[in-house]
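Enquirer: Have a peek at final.cif (mmCIF, C-alpha atoms).
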data_entry
#
loop_
_atom_site.label_atom_id
_atom_site.label_comp_id
_atom_site.auth_asym_id
_atom_site.auth_seq_id
_atom_site.Cartn_x
_atom_site.Cartn_y
_atom_site.Cartn_z
CA MET G 895 83.91 118.31 94.99
CA ALA G 896 83.46 115.08 96.91
CA VAL G 897 87.14 115.28 97.81
CA ASP G 898 86.57 118.55 99.66
CA ALA G 899 83.76 117.04 101.67
CA GLU G 900 86.05 114.26 102.88
CA ALA G 901 88.67 116.75 104.09
CA GLN G 902 90.52 115.45 107.09
CA PHE G 903 89.71 117.32 110.24
CA HIS G 904 92.13 117.73 113.09
CA VAL G 905 91.03 116.80 116.58
CA LEU G 906 92.92 117.67 119.73
CA ALA G 907 92.32 115.06 122.43
CA VAL G 908 93.08 115.82 126.08
CA ASP G 909 93.27 113.16 128.79
CA ASP G 910 95.64 112.58 131.69
CA SER G 911 95.33 108.79 131.37
CA LEU G 912 97.79 107.26 128.91
CA LEU G 913 95.47 104.33 128.37
CA ASP G 914 92.55 106.56 127.52
CA ARG G 915 94.69 108.71 125.26
CA LYS G 916 95.70 105.65 123.32
CA LEU G 917 92.09 104.60 123.01
CA ILE G 918 90.74 107.95 121.90
CA GLU G 919 93.57 108.33 119.43
CA ARG G 920 92.72 105.00 117.84
CA LEU G 921 89.02 105.79 117.81
CA LEU G 922 89.65 109.09 116.09
CA LYS G 923 92.15 107.76 113.56
CA THR G 924 89.84 104.89 112.68
CA SER G 925 87.20 107.52 112.01
CA SER G 926 89.53 109.37 109.63
CA PHE G 927 90.49 112.25 111.86
CA GLN G 928 93.94 113.67 112.23
CA VAL G 929 94.82 113.50 115.90
CA THR G 930 97.00 115.26 118.41
CA THR G 931 96.87 114.01 122.00
CA VAL G 932 98.07 115.85 125.09
CA ASP G 933 97.96 114.94 128.75
CA SER G 934 96.80 118.20 130.27
CA GLY G 935 94.69 121.29 129.79
CA SER G 936 97.73 123.54 129.86
CA LYS G 937 99.42 121.56 127.10
CA ALA G 938 96.19 121.75 125.13
CA LEU G 939 96.24 125.53 125.39
CA GLU G 940 99.83 125.52 124.18
CA VAL G 941 98.88 123.54 121.11
CA LEU G 942 96.01 125.94 120.51
CA GLY G 943 98.47 128.80 120.68
CA LEU G 944 97.17 130.24 123.90
CA LYS G 945 99.12 130.73 127.08
CA GLU G 946 97.19 130.09 130.30
CA ASP G 947 96.92 133.73 131.22
CA GLN G 948 96.00 135.01 127.79
CA THR G 949 92.56 135.49 126.34
CA SER G 950 93.51 135.72 122.70
CA THR G 951 96.29 134.35 120.59
CA PRO G 952 99.04 136.85 119.96
CA ALA G 953 99.05 138.24 116.45
CA LEU G 954 102.42 136.69 115.81
CA SER G 955 104.25 134.96 113.05
CA PRO G 956 102.42 132.08 111.35
CA GLU G 957 104.63 129.44 113.01
CA HIS G 958 102.74 129.97 116.24
CA ASN G 959 99.29 129.12 114.96
CA GLU G 960 100.09 126.72 112.16
CA ILE G 961 98.25 123.84 113.77
CA GLU G 962 94.61 124.30 112.98
CA VAL G 963 92.39 122.42 115.39
CA ASN G 964 88.84 121.69 114.27
CA LEU G 965 87.56 120.17 117.50
CA VAL G 966 88.74 119.62 121.06
CA ILE G 967 87.70 116.51 122.95
CA THR G 968 88.67 116.50 126.59
CA ASP G 969 88.32 114.42 129.72
CA TYR G 970 86.51 116.17 132.52
CA CYS G 971 88.44 114.91 135.55
CA MET G 972 92.05 115.91 135.24
CA PRO G 973 94.47 117.11 137.88
CA GLY G 974 95.28 120.81 137.68
CA MET G 975 93.15 122.23 134.90
CA THR G 976 89.95 120.22 134.57
CA GLY G 977 88.15 119.70 131.28
CA TYR G 978 85.63 122.27 132.44
CA ASP G 979 88.40 124.83 133.08
CA LEU G 980 89.81 124.16 129.64
CA LEU G 981 86.38 124.55 128.08
CA LYS G 982 85.97 127.90 129.79
CA LYS G 983 89.35 129.15 128.62
CA ILE G 984 88.57 128.19 125.05
CA LYS G 985 85.14 129.81 125.08
CA GLU G 986 86.51 132.97 126.68
CA SER G 987 89.16 133.32 124.01
CA SER G 988 88.23 135.52 121.09
CA SER G 989 90.34 133.46 118.73
CA LEU G 990 89.35 130.02 119.96
CA LYS G 991 85.72 130.33 121.04
CA ASP G 992 84.33 128.90 117.83
CA ILE G 993 86.21 125.65 118.13
CA PRO G 994 83.70 122.98 119.14
CA VAL G 995 84.51 121.28 122.44
CA VAL G 996 83.30 117.85 123.55
CA ILE G 997 83.65 116.66 127.13
CA MET G 998 84.20 113.03 128.17
CA SER G 999 83.61 111.63 131.61
CA SER G 1000 83.40 108.25 133.25
CA GLU G 1001 80.74 109.59 135.57
CA ASN G 1002 77.18 110.37 134.66
CA VAL G 1003 76.51 113.43 136.79
CA PRO G 1004 73.64 115.53 135.39
CA SER G 1005 74.73 118.73 137.11
CA ARG G 1006 78.20 118.31 135.66
CA ILE G 1007 76.82 117.66 132.20
CA ASN G 1008 74.57 120.71 132.34
CA ARG G 1009 77.35 122.90 133.61
CA CYS G 1010 79.48 121.94 130.62
CA LEU G 1011 76.72 122.35 128.08
CA GLU G 1012 75.87 125.76 129.52
CA GLU G 1013 79.49 126.78 129.23
CA GLY G 1014 79.35 125.96 125.53
CA ALA G 1015 80.35 122.32 125.19
CA GLU G 1016 78.73 120.75 122.13
CA GLU G 1017 78.33 117.40 123.69
CA PHE G 1018 79.10 115.13 126.57
CA PHE G 1019 80.35 111.58 126.00
CA LEU G 1020 80.17 108.96 128.70
CA LYS G 1021 83.31 106.84 128.91
CA PRO G 1022 84.29 104.43 127.62
CA VAL G 1023 83.88 106.30 124.38
CA GLN G 1024 82.68 104.20 121.45
CA LEU G 1025 83.32 104.19 117.72
CA SER G 1026 79.71 105.18 117.20
CA ASP G 1027 80.31 108.34 119.27
CA MET G 1028 82.90 109.43 116.71
CA ARG G 1029 80.15 109.89 114.14
CA ARG G 1030 78.70 112.65 116.27
CA LEU G 1031 81.83 114.77 115.94
CA ARG G 1032 81.78 115.69 112.28
CA PRO G 1033 78.43 117.55 112.38
CA HIS G 1034 79.77 119.81 115.13
CA ILE G 1035 82.84 120.64 113.08
CA LEU G 1036 80.79 121.25 109.94
CA LYS G 1037 78.25 123.37 111.79
CA GLY G 1038 81.03 125.64 112.95
CA LYS G 1039 82.48 125.88 109.48
CA HIS G 1040 79.06 126.55 107.99
CA LYS G 1041 78.64 129.48 110.34
CA GLU G 1042 82.00 130.76 109.19
CA GLN G 1043 81.05 130.36 105.53
CA GLN G 1044 77.70 132.04 106.04
CA LEU G 1045 79.47 134.99 107.55
CA HIS G 1046 81.73 135.21 104.51
CA GLN G 1047 78.82 134.79 102.13
CA GLU G 1048 76.91 137.58 103.79
CA GLU G 1049 79.92 139.80 103.49
CA ASN G 1050 80.22 138.88 99.81
CA SER G 1051 76.53 139.09 98.93
CA ASN G 1052 76.74 142.76 98.10
CA THR G 1053 79.29 142.18 95.38
CA ASN G 1054 77.55 139.01 94.12
CA HIS G 1055 74.34 140.48 92.77
CA ILE G 1056 76.21 143.18 90.93
CA ILE G 1057 78.17 140.75 88.79
CA ILE G 1058 75.33 138.33 88.25
CA SER G 1059 75.13 138.73 84.53
CA SER G 1060 78.81 138.89 83.87
CA SER G 1061 80.87 136.03 82.57
CA ASN G 1062 82.46 135.78 85.98
CA ASN G 1063 79.24 134.39 87.40
CA ASN G 1064 79.87 130.78 86.45
CA ASN G 1065 83.12 130.78 88.35
CA MET G 1066 81.54 132.41 91.39
CA SER G 1067 78.64 129.95 91.50
CA ASN G 1068 80.89 126.97 91.05
CA LYS G 1069 83.12 128.25 93.79
CA ARG G 1070 80.13 128.75 96.07
CA LYS G 1071 78.85 125.29 95.24
CA ALA G 1072 82.22 123.85 96.14
CA MET G 1073 82.24 125.80 99.41
CA ASP G 1074 78.75 124.62 100.24
CA GLU G 1075 79.64 121.03 99.49
CA GLU G 1076 82.61 121.33 101.75
CA VAL G 1077 80.58 122.43 104.71
CA LEU G 1078 77.48 120.34 104.36
CA SER G 1079 77.10 116.87 105.75
CA GLU G 1080 76.13 113.98 103.56
CA ARG G 1081 72.39 114.16 103.78
CA THR G 1082 72.11 117.82 102.99
CA ARG G 1083 74.59 117.50 100.17
CA LEU G 1084 71.95 115.56 98.26
CA ARG G 1085 69.48 118.36 98.75
CA PHE G 1086 71.82 120.92 97.29
CA SER G 1087 73.01 119.02 94.26
CA SER G 1088 69.93 119.85 92.23
CA SER G 1089 69.71 123.21 93.77
CA SER G 1090 68.80 126.73 93.43
CA LEU G 1091 72.46 127.59 93.23
CA ASN G 1092 72.31 129.38 89.97
CA VAL G 1093 74.74 128.51 87.30
CA ILE G 1094 73.74 130.93 84.62
CA MET Z 163 99.71 71.79 115.23
CA GLU Z 164 96.14 73.03 114.93
CA ASN Z 165 95.22 74.77 111.76
CA ALA Z 166 94.22 78.42 111.74
CA SER Z 167 90.49 77.89 112.05
CA GLY Z 168 91.03 75.53 114.98
CA LEU Z 169 93.02 78.21 116.75
CA GLN Z 170 90.36 80.76 115.96
CA ARG Z 171 87.71 78.53 117.46
CA GLN Z 172 89.84 78.11 120.55
CA LEU Z 173 90.27 81.86 120.75
CA ALA Z 174 86.54 82.42 120.42
CA ARG Z 175 85.86 79.87 123.15
CA MET Z 176 88.36 81.51 125.47
CA LYS Z 177 86.78 84.87 124.91
CA LYS Z 178 83.30 83.52 125.46
CA ASP Z 179 84.42 82.06 128.78
CA LEU Z 180 85.89 85.38 129.85
CA PHE Z 181 82.60 87.05 129.04
CA ASP Z 182 80.43 84.38 130.63
CA GLN Z 183 82.45 84.46 133.83
CA GLY Z 184 82.05 88.22 133.97
CA TYR Z 185 85.70 89.11 133.64
CA LEU Z 186 85.17 91.02 130.42
CA ASP Z 187 82.34 92.99 128.86
CA GLU Z 188 81.55 94.37 125.40
CA GLN Z 189 84.12 97.13 125.72
CA PHE Z 190 86.72 94.44 125.04
CA ASP Z 191 84.98 93.76 121.73
CA GLN Z 192 85.40 97.42 120.93
CA LEU Z 193 89.15 97.07 121.45
CA GLU Z 194 89.31 94.16 119.05
CA GLU Z 195 87.30 96.13 116.53
CA LEU Z 196 89.91 98.86 116.68
CA GLN Z 197 92.73 96.48 115.82
CA ASP Z 198 93.55 96.31 112.13
CA GLU Z 199 96.45 96.35 109.68
CA SER Z 200 97.42 99.87 110.65
CA SER Z 201 97.40 98.96 114.33
CA PRO Z 202 97.95 95.21 114.39
CA ASN Z 203 98.90 94.89 118.08
CA PHE Z 204 96.42 97.33 119.48
CA VAL Z 205 94.69 94.94 121.88
CA GLU Z 206 97.93 93.70 123.35
CA GLU Z 207 99.30 97.23 123.69
CA VAL Z 208 96.21 98.46 125.46
CA VAL Z 209 96.06 95.46 127.78
CA THR Z 210 99.74 95.94 128.63
CA LEU Z 211 99.12 99.59 129.40
CA PHE Z 212 96.22 98.63 131.61
CA PHE Z 213 98.23 96.24 133.73
CA ARG Z 214 101.02 98.75 134.07
CA ASP Z 215 98.57 101.45 135.11
CA SER Z 216 96.54 99.28 137.43
CA SER Z 217 99.55 97.74 139.18
CA ARG Z 218 100.83 101.18 139.98
CA LEU Z 219 97.44 102.37 141.22
CA MET Z 220 97.00 99.29 143.36
CA ALA Z 221 100.38 99.87 144.98
CA ASN Z 222 99.22 103.40 145.75
CA ILE Z 223 95.99 102.08 147.21
CA ASP Z 224 97.93 99.62 149.32
CA ASP Z 225 100.02 102.48 150.72
CA ALA Z 226 96.99 104.65 151.33
CA LEU Z 227 95.27 101.85 153.23
CA GLN Z 228 98.22 101.52 155.54
CA GLN Z 229 98.59 105.17 156.37
CA CYS Z 230 97.31 106.47 159.65
CA PRO Z 231 94.98 108.26 159.60
CA ARG Z 232 93.47 106.95 156.38
CA ASP Z 233 92.90 109.55 153.74
CA PHE Z 234 89.70 108.27 152.17
CA HIS Z 235 89.56 111.13 149.73
CA ARG Z 236 92.97 110.28 148.35
CA LEU Z 237 91.97 106.64 148.25
CA ASP Z 238 88.89 107.54 146.27
CA ASN Z 239 90.99 109.40 143.71
CA PHE Z 240 93.09 106.31 143.08
CA LEU Z 241 89.96 104.21 142.85
CA HIS Z 242 88.38 106.58 140.39
CA ARG Z 243 91.35 106.17 138.10
CA LEU Z 244 91.52 102.42 138.57
CA LYS Z 245 87.86 102.08 137.81
CA GLY Z 246 88.26 104.28 134.74
CA SER Z 247 91.08 102.16 133.37
CA ALA Z 248 89.21 98.94 134.04
CA SER Z 249 86.19 100.34 132.29
CA SER Z 250 88.29 101.39 129.29
CA ILE Z 251 89.39 97.85 128.54
CA GLY Z 252 86.17 96.13 129.52
CA ALA Z 253 87.49 94.58 132.75
CA ALA Z 254 84.00 94.20 134.17
CA LYS Z 255 84.67 92.39 137.44
CA MET Z 256 87.37 94.81 138.44
CA LYS Z 257 85.25 97.76 137.50
CA ASN Z 258 82.33 96.55 139.57
CA GLU Z 259 84.47 95.73 142.56
CA CYS Z 260 85.95 99.23 142.38
CA THR Z 261 82.44 100.61 142.61
CA SER Z 262 81.81 98.67 145.84
CA PHE Z 263 85.19 99.71 147.13
CA ARG Z 264 84.34 103.35 146.54
CA GLU Z 265 81.12 103.00 148.44
CA PHE Z 266 82.99 101.67 151.46
CA CYS Z 267 85.39 104.56 151.04
CA SER Z 268 82.66 107.15 151.09
CA GLU Z 269 81.32 105.58 154.30
CA GLY Z 270 84.77 105.58 155.83
CA ASN Z 271 84.32 101.84 156.29
CA LEU Z 272 87.89 100.56 156.59
CA ASP Z 273 86.91 96.96 157.03
CA GLY Z 274 84.79 97.01 153.89
CA CYS Z 275 87.65 98.71 152.08
CA LEU Z 276 90.14 96.05 153.03
CA ARG Z 277 87.82 93.22 152.02
CA SER Z 278 87.01 94.90 148.75
CA PHE Z 279 90.64 95.55 148.00
CA GLN Z 280 91.43 91.88 148.47
CA LYS Z 281 88.79 91.06 145.88
CA VAL Z 282 90.18 93.64 143.49
CA LYS Z 283 93.63 92.15 143.85
CA ASN Z 284 92.32 88.65 143.17
CA ASP Z 285 90.33 89.76 140.15
CA HIS Z 286 93.41 91.55 138.88
CA THR Z 287 95.64 88.50 139.21
CA ILE Z 288 93.16 86.17 137.56
CA LEU Z 289 92.39 88.58 134.74
CA ARG Z 290 96.04 89.06 134.05
CA GLN Z 291 96.63 85.34 133.71
CA LYS Z 292 93.61 84.79 131.52
CA LEU Z 293 94.41 87.70 129.26
CA GLU Z 294 98.01 86.60 128.94
CA ASN Z 295 96.78 83.23 127.70
CA TYR Z 296 94.31 84.88 125.38
CA LEU Z 297 96.88 87.24 123.91
CA GLN Z 298 99.35 84.44 123.42
CA LEU Z 299 96.79 82.60 121.35
CA LEU Z 300 95.85 85.81 119.56
CA ARG Z 301 99.45 86.24 118.50
CA GLN Z 302 99.51 82.76 117.07
CA VAL Z 303 96.33 83.25 115.13
CA GLY Z 304 97.86 86.38 113.66
CA PRO Z 305 96.10 89.03 111.62
CA VAL Z 306 92.68 87.58 111.09
CA ASP Z 307 89.78 88.65 108.98
CA LYS Z 308 87.58 90.43 111.51
CA ALA Z 309 84.40 88.90 110.19
CA SER Z 310 85.52 85.42 111.06
CA ARG Z 311 86.78 86.42 114.46
CA SER Z 312 83.76 88.27 115.67
CA GLY Z 313 81.50 85.24 115.76
CA SER Z 314 81.62 84.45 119.45
#
Do you think you could lay out the structure here as structure tokens?

Expert:
Amino acid sequence: MAVDAEAQFHVLAVDDSLLDRKLIERLLKTSSFQVTTVDSGSKALEVLGLKEDQTSTPALSPEHNEIEVNLVITDYCMPGMTGYDLLKKIKESSSLKDIPVVIMSSENVPSRINRCLEEGAEEFFLKPVQLSDMRRLRPHILKGKHKEQQLHQEENSNTNHIIISSSNNNNMSNKRKAMDEEVLSERTRLRFSSSSLNVI
Amino acid sequence: MENASGLQRQLARMKKDLFDQGYLDEQFDQLEELQDESSPNFVEEVVTLFFRDSSRLMANIDDALQQCPRDFHRLDNFLHRLKGSASSIGAAKMKNECTSFREFCSEGNLDGCLRSFQKVKNDHTILRQKLENYLQLLRQVGPVDKASRSGS
């Protein structure tokens, strides 16, 4: 169960500066993330399986979308497609909108920050990005996954109460417990370990 | 030949000087923190990248300053990137001088720009020399237990 909670998440980092890409890659790897770095917004969209003029990923063969990205972290100031443009494209895409996006910038411009947050960015990091900033990423990823799980659980809840007294119940509860452990961050995991999750 | 701890002390002294003189700031510590067995030459690699990047940008700035009429907007773009790179490795003096330079740019103050650029070039040259010395020593010291190295 603890193994699931330590699952490696995949972060896509976007920055036109080679130096900064190297830095962010190291920061992310040191913080146990899997990393892919690209030098532009358009390349980022390619990795995400979206062409610039599309709004949703084509329902194609699995090879196209095999890279699952759990979070996108992007520089704001880039030639061509800015980080803000990339953020917009991601949030406008039906298939990608739930991927958390973090913006980085060397400039502390409140109007810029607000614009990004309003467009759906989870957070705004001021460069140079620090190791301590990396700790703020996981909660955003887990929050997204929790929403996903909740959606599934709601869909399943109808069938759950029907089989509550059957011998299947133990398996269901254990599976749910494992799912919950996977999505919860450390502090809440403690709360749930002695929980109301019924193992009858 | 000095023993390992002697070299480490020398290294720590060198770094302290760089900090005291304002050439480097705590971002450089962050770089050293990121160097470990899985990335044993990280600091050197990043510093090398920086000098490659910054040399190119400074050549661009040189060109831009000589063009007539001056395109201050274009100049500012180069400066933004130079400042960003400097900030990423903790090159404090260069970063600060870039800030002044940008101010002159936004005022269209050519004279200020030229003076500032001269300072940036000097800072760049000095930093390069000092970091080369530092990295040379770092290579000699080899992979070091971080705990012992961070006491500066």

Enquirer: Would you tabulate, counting only C-alpha atoms, all residues of chain G that have an atom at most 12 Å from an atom of chain Z, showing the closest pair of atoms and their distance in Å to one decimal, sorted by chain then ascending number, as CSV?

Expert:
residue,atom,partner,partner_atom,distance
G:Asp909,CA,Z:Arg243,CA,11.8
G:Asp910,CA,Z:Arg243,CA,10.0
G:Ser911,CA,Z:Ser247,CA,8.1
G:Leu912,CA,Z:Leu211,CA,7.8
G:Leu913,CA,Z:Leu211,CA,6.1
G:Asp914,CA,Z:Ser250,CA,6.9
G:Arg915,CA,Z:Val208,CA,10.4
G:Lys916,CA,Z:Val208,CA,7.5
G:Leu917,CA,Z:Val208,CA,7.8
G:Ile918,CA,Z:Ser250,CA,10.2
G:Glu919,CA,Z:Leu196,CA,10.5
G:Arg920,CA,Z:Leu196,CA,6.9
G:Leu921,CA,Z:Leu196,CA,7.1
G:Leu922,CA,Z:Leu196,CA,10.3
G:Lys923,CA,Z:Leu196,CA,9.7
G:Thr924,CA,Z:Leu196,CA,7.2
G:Ser925,CA,Z:Leu196,CA,10.2
G:Asp969,CA,Z:Gly246,CA,11.3
G:Cys971,CA,Z:Arg243,CA,9.6
G:Met972,CA,Z:Arg243,CA,10.2
G:Pro973,CA,Z:Asn239,CA,10.3
G:Met998,CA,Z:Gly246,CA,11.7
G:Ser999,CA,Z:Gly246,CA,9.2
G:Ser1000,CA,Z:Gly246,CA,6.4
G:Glu1001,CA,Z:Gly246,CA,9.2
G:Leu1020,CA,Z:Ser249,CA,11.1
G:Lys1021,CA,Z:Ser250,CA,7.4
G:Pro1022,CA,Z:Ser250,CA,5.3
G:Val1023,CA,Z:Ser250,CA,8.2
G:Gln1024,CA,Z:Gln192,CA,7.3
G:Leu1025,CA,Z:Gln192,CA,7.8
G:Ser1026,CA,Z:Gln192,CA,10.3

Enquirer: Can you pull out the residues contacting region 175-184 of chain Z? Cut-off 12 Å, using only C-alpha atoms, and skip same-chain residues under 4 positions away; I want them as JSON, numbers by chain.

Expert: {"Z": [168, 169, 170, 171, 188, 189, 190, 191, 194, 252, 253, 254, 255, 256, 257, 258, 259, 285, 288, 289, 290, 291, 292, 293, 294, 295, 296, 297, 298, 299, 300, 311, 312, 313, 314]}

Enquirer: Output the residue selection produced by the PyMOL selection byres ((chain Z and resi 240) around 12) on the file above, formatted as a PyMOL selection string.

Expert: chain Z and resi 215-227+233-239+241-247+260+263-264+267

Enquirer: What is the CA of Phe213 (chain Z)-CA of Lys283 (chain Z) distance in Å, reported with one decimal?

Expert: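 Straight-line distance from CA of Phe213 (chain Z) to CA of Lys283 (chain Z) works out to 11.8 Å.
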
Enquirer: Could you give me, as a PDB file with C-alpha atoms, keeping the file's coordinate frame, the residues within 8 Å of region 989-996 of chain G, counting all atoms listed in the file and dropping anything in the same chain fewer than 2 positions from it?

Expert:
ATOM      1  CA  LEU G 942      96.010 125.940 120.510  1.00  0.00           C
ATOM      2  CA  SER G 950      93.510 135.720 122.700  1.00  0.00           C
ATOM      3  CA  THR G 951      96.290 134.350 120.590  1.00  0.00           C
ATOM      4  CA  VAL G 963      92.390 122.420 115.390  1.00  0.00           C
ATOM      5  CA  ASN G 964      88.840 121.690 114.270  1.00  0.00           C
ATOM      6  CA  LEU G 965      87.560 120.170 117.500  1.00  0.00           C
ATOM      7  CA  VAL G 966      88.740 119.620 121.060  1.00  0.00           C
ATOM      8  CA  ILE G 967      87.700 116.510 122.950  1.00  0.00           C
ATOM      9  CA  THR G 968      88.670 116.500 126.590  1.00  0.00           C
ATOM     10  CA  LEU G 981      86.380 124.550 128.080  1.00  0.00           C
ATOM     11  CA  ILE G 984      88.570 128.190 125.050  1.00  0.00           C
ATOM     12  CA  LYS G 985      85.140 129.810 125.080  1.00  0.00           C
ATOM     13  CA  GLU G 986      86.510 132.970 126.680  1.00  0.00           C
ATOM     14  CA  SER G 987      89.160 133.320 124.010  1.00  0.00           C
ATOM     15  CA  MET G 998      84.200 113.030 128.170  1.00  0.00           C
ATOM     16  CA  GLY G1014      79.350 125.960 125.530  1.00  0.00           C
ATOM     17  CA  ALA G1015      80.350 122.320 125.190  1.00  0.00           C
ATOM     18  CA  GLU G1016      78.730 120.750 122.130  1.00  0.00           C
ATOM     19  CA  GLU G1017      78.330 117.400 123.690  1.00  0.00           C
ATOM     20  CA  PHE G1018      79.100 115.130 126.570  1.00  0.00           C
ATOM     21  CA  PHE G1019      80.350 111.580 126.000  1.00  0.00           C
ATOM     22  CA  HIS G1034      79.770 119.810 115.130  1.00  0.00           C
ATOM     23  CA  ILE G1035      82.840 120.640 113.080  1.00  0.00           C
ATOM     24  CA  GLY G1038      81.030 125.640 112.950  1.00  0.00           C
TER      25      GLY G1038
END

Enquirer: Can you list, as a list in words, every protein, DNA or RNA residue that comes within 12 Å of Ser936 (chain G) when you count all atoms listed in the file, leaving out same-chain residues fewer than 3 positions away?

Expert: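 Skipping anything fewer than 3 positions along the chain leaves Val908, Asp909, Asp910, Val932, Asp933, Leu939, Glu940, Val941, Leu942, Gly943, Leu944, Lys945, Glu946, Asp947, Gln948, Thr968, Met972, Pro973, Gly974, Met975, Thr976, Gly977, Asp979, Leu980, Leu981, Lys983 and Ile984 of chain G.
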
Enquirer: Using CA of Gln172 (chain Z) and CA of Arg301 (chain Z) as the two end points, give the distance in Å to one decimal.

Expert: 12.8 Å

Enquirer: Would you mind telling me which residue in Z:Gln229, Z:Glu269, Z:Tyr185, Z:Glu206 lies nearest to Asn284 (chain Z) when using all atoms listed in the file?

Expert: Z:Tyr185

Enquirer: Can region 985-996 of chain G be brought up to N, CA, C and O atoms and written out as a PDB file, in the coordinates of the input?

Expert:
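File part.pdb, as written:
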ATOM      1  N   LYS G 985      86.321 129.002 125.408  1.00  0.00           N
ATOM      2  CA  LYS G 985      85.140 129.810 125.080  1.00  0.00           C
ATOM      3  C   LYS G 985      85.333 131.290 125.417  1.00  0.00           C
ATOM      4  O   LYS G 985      84.647 132.148 124.861  1.00  0.00           O
ATOM      5  N   GLU G 986      86.255 131.567 126.324  1.00  0.00           N
ATOM      6  CA  GLU G 986      86.510 132.970 126.680  1.00  0.00           C
ATOM      7  C   GLU G 986      87.519 133.609 125.734  1.00  0.00           C
ATOM      8  O   GLU G 986      87.748 134.815 125.784  1.00  0.00           O
ATOM      9  N   SER G 987      88.131 132.790 124.900  1.00  0.00           N
ATOM     10  CA  SER G 987      89.160 133.320 124.010  1.00  0.00           C
ATOM     11  C   SER G 987      88.543 133.769 122.697  1.00  0.00           C
ATOM     12  O   SER G 987      87.839 133.019 122.034  1.00  0.00           O
ATOM     13  N   SER G 988      88.825 134.996 122.316  1.00  0.00           N
ATOM     14  CA  SER G 988      88.230 135.520 121.090  1.00  0.00           C
ATOM     15  C   SER G 988      88.649 134.726 119.876  1.00  0.00           C
ATOM     16  O   SER G 988      87.881 134.551 118.931  1.00  0.00           O
ATOM     17  N   SER G 989      89.867 134.193 119.909  1.00  0.00           N
ATOM     18  CA  SER G 989      90.340 133.460 118.730  1.00  0.00           C
ATOM     19  C   SER G 989      89.935 131.998 118.729  1.00  0.00           C
ATOM     20  O   SER G 989      89.901 131.367 117.683  1.00  0.00           O
ATOM     21  N   LEU G 990      89.618 131.462 119.889  1.00  0.00           N
ATOM     22  CA  LEU G 990      89.350 130.020 119.960  1.00  0.00           C
ATOM     23  C   LEU G 990      87.893 129.663 120.215  1.00  0.00           C
ATOM     24  O   LEU G 990      87.510 128.505 120.121  1.00  0.00           O
ATOM     25  N   LYS G 991      87.073 130.659 120.538  1.00  0.00           N
ATOM     26  CA  LYS G 991      85.720 130.330 121.040  1.00  0.00           C
ATOM     27  C   LYS G 991      84.855 129.566 120.075  1.00  0.00           C
ATOM     28  O   LYS G 991      83.882 128.935 120.486  1.00  0.00           O
ATOM     29  N   ASP G 992      85.171 129.620 118.769  1.00  0.00           N
ATOM     30  CA  ASP G 992      84.330 128.900 117.830  1.00  0.00           C
ATOM     31  C   ASP G 992      84.741 127.458 117.607  1.00  0.00           C
ATOM     32  O   ASP G 992      84.091 126.727 116.857  1.00  0.00           O
ATOM     33  N   ILE G 993      85.809 127.047 118.257  1.00  0.00           N
ATOM     34  CA  ILE G 993      86.210 125.650 118.130  1.00  0.00           C
ATOM     35  C   ILE G 993      85.261 124.809 118.977  1.00  0.00           C
ATOM     36  O   ILE G 993      85.110 125.054 120.176  1.00  0.00           O
ATOM     37  N   PRO G 994      84.611 123.827 118.358  1.00  0.00           N
ATOM     38  CA  PRO G 994      83.700 122.980 119.140  1.00  0.00           C
ATOM     39  C   PRO G 994      84.465 122.157 120.173  1.00  0.00           C
ATOM     40  O   PRO G 994      85.559 121.666 119.897  1.00  0.00           O
ATOM     41  N   VAL G 995      83.877 122.046 121.363  1.00  0.00           N
ATOM     42  CA  VAL G 995      84.510 121.280 122.440  1.00  0.00           C
ATOM     43  C   VAL G 995      83.555 120.180 122.917  1.00  0.00           C
ATOM     44  O   VAL G 995      82.366 120.419 123.139  1.00  0.00           O
ATOM     45  N   VAL G 996      84.077 118.981 123.035  1.00  0.00           N
ATOM     46  CA  VAL G 996      83.300 117.850 123.550  1.00  0.00           C
ATOM     47  C   VAL G 996      83.950 117.386 124.841  1.00  0.00           C
ATOM     48  O   VAL G 996      85.174 117.300 124.927  1.00  0.00           O
TER      49      VAL G 996
END
